[in-house]
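Reproduced below: data.pdb, with PDB, C-alpha atoms.
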```
ATOM      1  CA  MET I   1     -94.803-193.650 -89.743
ATOM      2  CA  ARG I   2     -97.816-195.384 -91.344
ATOM      3  CA  SER I   3     -99.596-193.800 -94.296
ATOM      4  CA  ARG I   4    -102.641-191.759 -93.290
ATOM      5  CA  ASN I   5    -105.551-190.172 -95.100
ATOM      6  CA  ALA I   6    -104.975-186.468 -94.501
ATOM      7  CA  GLU I   7    -108.659-185.721 -95.034
ATOM      8  CA  PHE I   8    -110.193-187.217 -91.896
ATOM      9  CA  PRO I   9    -108.441-188.778 -88.872
ATOM     10  CA  ARG I  10    -110.161-192.029 -87.870
ATOM     11  CA  TRP I  11    -110.473-191.150 -84.168
ATOM     12  CA  LEU I  12    -112.778-188.244 -85.055
ATOM     13  CA  GLU I  13    -115.311-190.769 -86.374
ATOM     14  CA  THR I  14    -115.677-192.246 -82.882
ATOM     15  CA  GLU I  15    -117.188-190.814 -79.719
ATOM     16  CA  PRO I  16    -115.571-187.722 -78.162
ATOM     17  CA  THR I  17    -112.716-188.584 -75.822
ATOM     18  CA  ASN I  18    -109.653-186.924 -74.390
ATOM     19  CA  LEU I  19    -106.784-185.007 -75.915
ATOM     20  CA  GLY I  20    -103.734-183.569 -74.226
ATOM     21  CA  ILE I  21    -100.385-181.759 -74.047
ATOM     22  CA  VAL I  22     -98.266-179.311 -72.276
ATOM     23  CA  SER I  23     -94.803-178.131 -71.259
ATOM     24  CA  PHE I  24     -92.962-176.933 -68.185
ATOM     25  CA  MET I  25     -89.647-176.863 -66.518
ATOM     26  CA  ASN I  26     -85.995-177.454 -67.245
ATOM     27  CA  ALA I  27     -84.143-174.374 -66.114
ATOM     28  CA  SER I  28     -81.146-172.221 -66.813
ATOM     29  CA  THR I  29     -78.955-171.348 -63.853
ATOM     30  CA  THR I  30     -78.556-167.798 -65.078
ATOM     31  CA  SER I  31     -79.592-165.184 -62.494
ATOM     32  CA  SER I  32     -80.459-161.560 -62.964
ATOM     33  CA  THR I  33     -77.859-159.011 -61.964
ATOM     34  CA  SER I  34     -79.979-158.061 -58.943
ATOM     35  CA  THR I  35     -79.739-161.557 -57.454
ATOM     36  CA  ASN I  36     -76.860-163.106 -55.571
ATOM     37  CA  PRO I  37     -76.216-166.387 -57.458
ATOM     38  CA  THR I  38     -75.536-168.159 -54.169
ATOM     39  CA  THR I  39     -79.162-167.600 -53.059
ATOM     40  CA  ALA I  40     -80.729-169.161 -56.161
ATOM     41  CA  THR I  41     -81.581-172.857 -55.791
ATOM     42  CA  ARG I  42     -81.703-175.384 -58.601
ATOM     43  CA  TRP I  43     -84.694-177.728 -58.581
ATOM     44  CA  THR I  44     -85.162-180.886 -60.675
ATOM     45  CA  LEU I  45     -88.587-181.903 -61.954
ATOM     46  CA  ASP I  46     -90.003-185.149 -60.518
ATOM     47  CA  PRO I  47     -92.143-186.704 -63.321
ATOM     48  CA  GLY I  48     -93.613-189.255 -60.902
ATOM     49  CA  HIS I  49     -95.365-186.484 -58.987
ATOM     50  CA  SER I  50     -96.027-184.098 -61.877
ATOM     51  CA  ALA I  51     -98.445-183.871 -64.796
ATOM     52  CA  VAL I  52     -98.328-182.148 -68.181
ATOM     53  CA  GLY I  53    -101.653-182.000 -70.019
ATOM     54  CA  PHE I  54    -104.003-179.993 -72.219
ATOM     55  CA  SER I  55    -107.625-179.733 -73.278
ATOM     56  CA  VAL I  56    -109.355-178.588 -76.477
ATOM     57  CA  ARG I  57    -112.967-178.293 -77.639
ATOM     58  CA  HIS I  58    -114.389-181.182 -79.660
ATOM     59  CA  LEU I  59    -117.499-180.825 -81.856
ATOM     60  CA  MET I  60    -118.088-177.459 -80.161
ATOM     61  CA  ILE I  61    -119.796-179.211 -77.233
ATOM     62  CA  THR I  62    -117.163-180.616 -74.873
ATOM     63  CA  ASN I  63    -113.474-180.566 -73.919
ATOM     64  CA  VAL I  64    -111.183-183.510 -74.610
ATOM     65  CA  ARG I  65    -107.997-184.039 -72.609
ATOM     66  CA  GLY I  66    -104.701-185.905 -72.532
ATOM     67  CA  GLU I  67    -101.142-185.788 -71.244
ATOM     68  CA  PHE I  68     -97.489-186.424 -72.018
ATOM     69  CA  GLU I  69     -95.893-189.208 -70.004
ATOM     70  CA  LYS I  70     -92.202-188.391 -70.623
ATOM     71  CA  PHE I  71     -90.753-184.982 -69.779
ATOM     72  CA  GLY I  72     -88.020-183.494 -67.660
ATOM     73  CA  GLY I  73     -86.486-180.274 -66.522
ATOM     74  CA  GLU I  74     -85.058-177.966 -63.927
ATOM     75  CA  VAL I  75     -85.921-174.617 -62.402
ATOM     76  CA  THR I  76     -83.675-172.046 -60.793
ATOM     77  CA  TYR I  77     -85.687-170.226 -58.148
ATOM     78  CA  ASP I  78     -84.986-167.734 -55.360
ATOM     79  CA  ALA I  79     -88.016-166.938 -53.180
ATOM     80  CA  GLY I  80     -86.439-163.614 -52.265
ATOM     81  CA  HIS I  81     -86.060-162.659 -55.934
ATOM     82  CA  PRO I  82     -88.834-164.484 -57.838
ATOM     83  CA  GLU I  83     -88.272-162.244 -60.853
ATOM     84  CA  ALA I  84     -84.965-164.069 -61.367
ATOM     85  CA  THR I  85     -86.715-167.430 -61.906
ATOM     86  CA  ARG I  86     -85.365-169.369 -64.874
ATOM     87  CA  ILE I  87     -87.263-172.269 -66.505
ATOM     88  CA  GLU I  88     -86.525-174.550 -69.444
ATOM     89  CA  THR I  89     -88.195-177.801 -70.517
ATOM     90  CA  THR I  90     -88.175-180.673 -72.965
ATOM     91  CA  ILE I  91     -91.142-182.982 -73.621
ATOM     92  CA  ASP I  92     -91.131-186.253 -75.561
ATOM     93  CA  VAL I  93     -94.046-185.739 -77.959
ATOM     94  CA  ALA I  94     -94.271-189.455 -78.786
ATOM     95  CA  SER I  95     -95.227-190.102 -75.151
ATOM     96  CA  LEU I  96     -98.618-188.524 -75.823
ATOM     97  CA  ASN I  97    -101.425-190.516 -74.213
ATOM     98  CA  THR I  98    -105.112-189.690 -74.675
ATOM     99  CA  ARG I  99    -106.289-193.215 -73.809
ATOM    100  CA  GLU I 100    -107.422-193.761 -77.414
ATOM    101  CA  ALA I 101    -104.852-195.453 -79.672
ATOM    102  CA  LYS I 102    -106.248-194.286 -83.036
ATOM    103  CA  ARG I 103    -106.383-190.681 -81.903
ATOM    104  CA  ASP I 104    -102.878-190.866 -80.450
ATOM    105  CA  SER I 105    -101.585-192.146 -83.798
ATOM    106  CA  ASP I 106    -103.214-189.262 -85.657
ATOM    107  CA  LEU I 107    -101.896-186.723 -83.169
ATOM    108  CA  ARG I 108     -98.375-188.029 -83.719
ATOM    109  CA  SER I 109     -98.783-187.805 -87.496
ATOM    110  CA  ALA I 110     -98.049-184.874 -89.808
ATOM    111  CA  LEU I 111    -101.671-183.759 -89.381
ATOM    112  CA  PHE I 112    -100.816-182.528 -85.900
ATOM    113  CA  PHE I 113     -97.504-182.869 -83.990
ATOM    114  CA  ASP I 114     -95.474-184.504 -86.787
ATOM    115  CA  VAL I 115     -93.426-186.538 -84.307
ATOM    116  CA  GLU I 116     -91.224-188.077 -87.013
ATOM    117  CA  ASN I 117     -89.744-184.676 -87.851
ATOM    118  CA  HIS I 118     -90.267-182.910 -84.508
ATOM    119  CA  PRO I 119     -89.920-185.463 -81.682
ATOM    120  CA  THR I 120     -89.710-182.917 -78.855
ATOM    121  CA  MET I 121     -91.282-179.660 -77.759
ATOM    122  CA  THR I 122     -89.563-177.135 -75.514
ATOM    123  CA  PHE I 123     -90.250-174.149 -73.294
ATOM    124  CA  VAL I 124     -87.498-171.669 -72.360
ATOM    125  CA  SER I 125     -88.310-168.746 -70.087
ATOM    126  CA  LYS I 126     -87.183-165.208 -70.931
ATOM    127  CA  SER I 127     -88.626-163.120 -68.095
ATOM    128  CA  THR I 128     -90.588-163.544 -64.868
ATOM    129  CA  ARG I 129     -92.861-161.106 -63.048
ATOM    130  CA  ALA I 130     -93.997-161.544 -59.446
ATOM    131  CA  ALA I 131     -97.811-161.333 -59.342
ATOM    132  CA  GLY I 132     -98.622-161.698 -55.654
ATOM    133  CA  ASP I 133     -97.820-164.166 -52.899
ATOM    134  CA  GLY I 134     -96.797-167.451 -54.524
ATOM    135  CA  HIS I 135     -97.863-166.231 -57.971
ATOM    136  CA  LEU I 136     -95.646-165.641 -61.008
ATOM    137  CA  GLU I 137     -96.150-164.662 -64.642
ATOM    138  CA  VAL I 138     -93.438-166.414 -66.664
ATOM    139  CA  THR I 139     -92.941-165.391 -70.286
ATOM    140  CA  GLY I 140     -90.896-167.560 -72.609
ATOM    141  CA  ASP I 141     -90.540-169.301 -75.951
ATOM    142  CA  LEU I 142     -92.666-172.375 -76.619
ATOM    143  CA  THR I 143     -91.495-174.461 -79.577
ATOM    144  CA  ILE I 144     -93.793-177.039 -81.196
ATOM    145  CA  ARG I 145     -93.240-178.599 -84.653
ATOM    146  CA  GLY I 146     -90.126-176.417 -85.003
ATOM    147  CA  ILE I 147     -92.228-173.233 -84.674
ATOM    148  CA  THR I 148     -91.508-170.885 -81.778
ATOM    149  CA  ARG I 149     -94.067-168.549 -80.243
ATOM    150  CA  GLU I 150     -93.929-166.427 -77.101
ATOM    151  CA  VAL I 151     -96.367-167.492 -74.370
ATOM    152  CA  THR I 152     -96.947-166.487 -70.748
ATOM    153  CA  LEU I 153     -97.460-169.111 -68.054
ATOM    154  CA  SER I 154     -99.601-168.114 -65.102
ATOM    155  CA  VAL I 155     -97.851-169.892 -62.213
ATOM    156  CA  ARG I 156     -99.791-170.288 -58.967
ATOM    157  CA  ASP I 157     -99.430-171.807 -55.522
ATOM    158  CA  VAL I 158     -95.631-171.850 -55.435
ATOM    159  CA  SER I 159     -94.828-173.562 -52.134
ATOM    160  CA  SER I 160     -92.198-175.763 -50.503
ATOM    161  CA  ALA I 161     -92.165-178.772 -48.188
ATOM    162  CA  GLN I 162     -90.019-181.684 -47.048
ATOM    163  CA  ASP I 163     -90.943-185.191 -48.188
ATOM    164  CA  MET I 164     -90.806-188.452 -46.223
ATOM    165  CA  ARG I 165     -87.188-189.032 -47.265
ATOM    166  CA  GLY I 166     -86.065-185.620 -46.092
ATOM    167  CA  ASN I 167     -85.824-184.107 -49.577
ATOM    168  CA  SER I 168     -86.680-180.445 -49.991
ATOM    169  CA  ARG I 169     -89.455-179.999 -52.575
ATOM    170  CA  LEU I 170     -90.945-177.115 -54.507
ATOM    171  CA  GLY I 171     -94.423-177.333 -56.005
ATOM    172  CA  ALA I 172     -96.591-175.209 -58.294
ATOM    173  CA  THR I 173     -99.440-175.234 -60.778
ATOM    174  CA  ALA I 174     -99.385-173.355 -64.068
ATOM    175  CA  SER I 175    -101.615-172.701 -67.041
ATOM    176  CA  THR I 176    -101.753-170.871 -70.353
ATOM    177  CA  LYS I 177    -103.730-170.849 -73.600
ATOM    178  CA  ILE I 178    -102.338-171.128 -77.121
ATOM    179  CA  LYS I 179    -103.708-171.457 -80.648
ATOM    180  CA  ARG I 180    -102.675-174.736 -82.248
ATOM    181  CA  SER I 181    -102.815-173.061 -85.665
ATOM    182  CA  ASP I 182     -99.936-170.812 -84.546
ATOM    183  CA  PHE I 183     -97.806-173.977 -84.464
ATOM    184  CA  GLY I 184     -98.796-175.345 -87.859
ATOM    185  CA  MET I 185    -101.602-177.624 -86.639
ATOM    186  CA  THR I 186    -104.349-176.358 -88.928
ATOM    187  CA  TRP I 187    -106.320-179.510 -89.802
ATOM    188  CA  ASN I 188    -110.080-179.162 -89.257
ATOM    189  CA  LYS I 189    -113.466-180.033 -90.696
ATOM    190  CA  ALA I 190    -116.619-177.909 -90.773
ATOM    191  CA  LEU I 191    -119.747-179.232 -89.077
ATOM    192  CA  GLU I 192    -123.108-179.196 -90.842
ATOM    193  CA  THR I 193    -124.589-177.585 -87.728
ATOM    194  CA  GLY I 194    -121.954-174.858 -87.733
ATOM    195  CA  GLY I 195    -118.514-174.615 -86.170
ATOM    196  CA  VAL I 196    -115.672-177.087 -86.561
ATOM    197  CA  VAL I 197    -114.659-180.524 -85.294
ATOM    198  CA  VAL I 198    -111.571-179.431 -83.313
ATOM    199  CA  GLY I 199    -111.190-176.100 -81.527
ATOM    200  CA  ASP I 200    -108.179-173.898 -82.225
ATOM    201  CA  VAL I 201    -107.631-172.691 -78.643
ATOM    202  CA  VAL I 202    -105.753-175.166 -76.446
ATOM    203  CA  THR I 203    -105.644-174.850 -72.661
ATOM    204  CA  ILE I 204    -102.383-176.057 -71.124
ATOM    205  CA  ALA I 205    -102.410-177.149 -67.468
ATOM    206  CA  LEU I 206     -99.433-178.170 -65.340
ATOM    207  CA  ASP I 207     -98.958-179.613 -61.868
ATOM    208  CA  VAL I 208     -95.305-179.893 -60.931
ATOM    209  CA  SER I 209     -93.239-181.173 -58.038
ATOM    210  CA  LEU I 210     -89.499-180.482 -57.996
ATOM    211  CA  VAL I 211     -86.724-181.829 -55.801
ATOM    212  CA  LYS I 212     -83.839-179.646 -54.631
ATOM    213  CA  ALA I 213     -80.778-180.565 -56.661
ATOM    214  CA  SER I 214     -77.741-181.760 -54.723
TER     215      SER I 214
END
```

Rendering of file as structure tokens:
Amino acid sequence: MRSRNAEFPRWLETEPTNLGIVSFMNASTTSSTSTNPTTATRWTLDPGHSAVGFSVRHLMITNVRGEFEKFGGEVTYDAGHPEATRIETTIDVASLNTREAKRDSDLRSALFFDVENHPTMTFVSKSTRAAGDGHLEVTGDLTIRGITREVTLSVRDVSSAQDMRGNSRLGATASTKIKRSDFGMTWNKALETGGVVVGDVVTIALDVSLVKAS
């Protein structure tokens, strides 16, 4: 990793642009005792039809966005027993893309994600609550920079379909909010007009398509 001035990342000297993360699905096949294991289906994440991204306030006036390009996972899901849903995920942090090379380099550095020492981030579900038709609240452990915090994903629009090749698919959107400072990403700079350069609250947004595992 190249040497960096820890005082002020170079991309923050340029015009506001996008910033991004997120994590979803790679699942355990464990079912709750109330669910017949034979009814639970294992689904594999299709990265080509999915997106993992985040947004954060910049200069207190706008949101900047980005995404991770490499990620994978599975979900175990039974529509009849949604509370037995199991999710797990791994994301390649180095695949971060905000469409601005200098910013991407700083985000990979020890100022933020510290990719050299923590190349992946993970999410592992611990419990799921049905919250209406096609809606789930999934609570689990999110690990970034080796720090684990409990978060709850609000999962919406869970639905299924068959694609052009005859594969059974499961789709959903999900979102949550975290504080980057909770994961050791505390760099900031005060503005003369008040406030700070980078917001602490990060909005995570997911769009996922999964294929039924054979």

| task | Starting from the displayed file, determine the output of the PyMOL selection byres ((chain I and resi 110) around 10) and express the residue list as a ChimeraX atom specification. | result | /I:1,4,6,106-109,111-118,145,184-185,187

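With all atoms listed in the file as the atoms that count, the minimum distance from Thr203 in chain I to the choices I:Leu142, I:Ala79, I:Met164, I:Ala174 is reached by I:Ala174.
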
| said: Could you tell me, as a ChimeraX atom specification, exactly which residues end up selected when the PyMOL selection byres ((chain I and resi 120) around 8) is applied to this structure? | reply: /I:90-94,115,118-119,121-122,144

| Residues within 6 Å of Ala172 in chain I, all atoms listed in the file, excluding chain neighbours under 2 positions, as a ChimeraX atom specification | /I:156-158,208

| request: Decode the PyMOL selection byres ((chain I and resi 66) around 12) for the given file into explicit residues and return them as a PyMOL selection string. | output: chain I and resi 17-22+51-56+63-65+67-69+93+95-101+103-104+107+202-206

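In this model, the gap between CA of Val151 in chain I and CA of Val198 in chain I comes to 21.3 Å.
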
Give me, as a JSON list (two decimals) with C-alpha atoms, in the coordinates of the input, all polymer residues having an atom no more than 7 Å from Lys212 in chain I, counting all atoms listed in the file and skipping those fewer than 2 positions away in the same chain.
```
[["chain", "number", "residue", "atom", "x", "y", "z"],
["I", 42, "ARG", "CA", -81.70, -175.38, -58.60],
["I", 43, "TRP", "CA", -84.69, -177.73, -58.58],
["I", 44, "THR", "CA", -85.16, -180.89, -60.68],
["I", 168, "SER", "CA", -86.68, -180.44, -49.99],
["I", 169, "ARG", "CA", -89.46, -180.00, -52.58],
["I", 210, "LEU", "CA", -89.50, -180.48, -58.00],
["I", 214, "SER", "CA", -77.74, -181.76, -54.72]]
```

If we count only C-alpha atoms, what is near Thr128 in chain I at a cut-off of 7 Å, once residues fewer than 5 positions away on the same chain are taken out, given as a CSV table (one decimal) with C-alpha atoms, in the coordinates of the input?
```csv
chain,number,residue,atom,x,y,z
I,83,GLU,CA,-88.3,-162.2,-60.9
I,84,ALA,CA,-85.0,-164.1,-61.4
I,85,THR,CA,-86.7,-167.4,-61.9
I,136,LEU,CA,-95.6,-165.6,-61.0
I,137,GLU,CA,-96.2,-164.7,-64.6
I,138,VAL,CA,-93.4,-166.4,-66.7
I,139,THR,CA,-92.9,-165.4,-70.3
```

Please determine an axis-aligned box that encloses all atoms of range 97-101 of chain I listed in the file, with 6 Å added on each side, and express its centre and edge lengths in Å to one decimal as lines of an AutoDock Vina configuration file.
```
center_x = -104.4
center_y = -192.6
center_z = -76.7
size_x = 18.0
size_y = 17.8
size_z = 17.9
```

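Proximity of I:Asn188, I:Arg180, I:Arg86, I:Ala161 to Gly140 in chain I, computed with only C-alpha atoms, is greatest for I:Arg86.
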
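With distances restricted to all atoms listed in the file, I:Val75 is the closest residue to Asp46 in chain I from I:Val75, I:Val201, I:Ala131, I:Val155.
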